[in-house]
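*Asks:* Handing you this structure, nothing more for now.
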Amino acid sequence: MGESPPSDCHEIIRSAFDNVAAHIFNLAALQMTVDEFATECVSIDSIMRDLESRMDEAEITLRTDMRILINEIQHLKERKSSR
């Protein structure tokens, strides 16, 4: 699997956030992160790496929220590549 082009990246990160928003505790914090990544999106893989690196510094509930988002991004990426 190669890296997704920026247009797919933007679409996937927004869709992933929309899909998991109801399960997120720190909605505002994660929304700001998603907005930042969506505007600078180079690839899905780079977004997932950046989210994972930010998890080290985050408190436990935000880490959980980020993990939920990463899992959904991965799911959407795999689904899109299998089409």
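Residue names in the structure tokens use chain letters A, B, ... in the order shown, residue numbers from 1 in each chain, and ligand numbers from 1 in the order shown.
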I'd like the neighbourhood of A:Gln31 as a VMD selection string, where a residue qualifies if any of its atoms comes within 12 Å (using only C-alpha atoms), though same-chain residues fewer than 3 positions away should be ignored.
*Replies:* chain A and resid 13 to 14 16 to 18 20 to 21 24 to 28 34 to 38 62 65 to 66 69
*Asks:* Closest to A:Gln74 among A:Cys9, A:Arg54, A:Val42, A:Glu59, using only C-alpha atoms?
*Replies:*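 Looking only at the distances to A:Gln74, the closest residue turns out to be A:Cys9.
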*Asks:* Name the closest residue to A:His23 among the candidates A:Leu76, A:Ile60, A:Ile68, A:Ile47; distances are taken between atoms, counting only C-alpha atoms.
*Replies:*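 Smallest distance to A:His23 is found for A:Ile68.
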*Asks:* Report the distance between atom CA of A:Asp56 and atom CA of A:Arg79 in Å, rounded to one decimal place.
*Replies:*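 About the pair atom CA of A:Asp56 and atom CA of A:Arg79: they are 27.8 Å apart.
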*Asks:* Atom CA of A:Ser53 and atom CA of A:Asn19, how far apart in Å?
*Replies:*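 Computed distance, atom CA of A:Asn19 to atom CA of A:Ser53, equals 22.2 Å.
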*Asks:* Report, in Å to a single decimal, how far apart atom CA of A:Glu78 and atom CA of A:Ala58 are.
*Replies:*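 Atom CA of A:Glu78 lies 26.6 Å from atom CA of A:Ala58.
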*Asks:* Identify all residues of chain A in helix (DSSP H, G or I) (DSSP on the backbone) and supply them as a PyMOL selection string.
*Replies:* chain A and resi 6-23+27-39+44-55+60-81
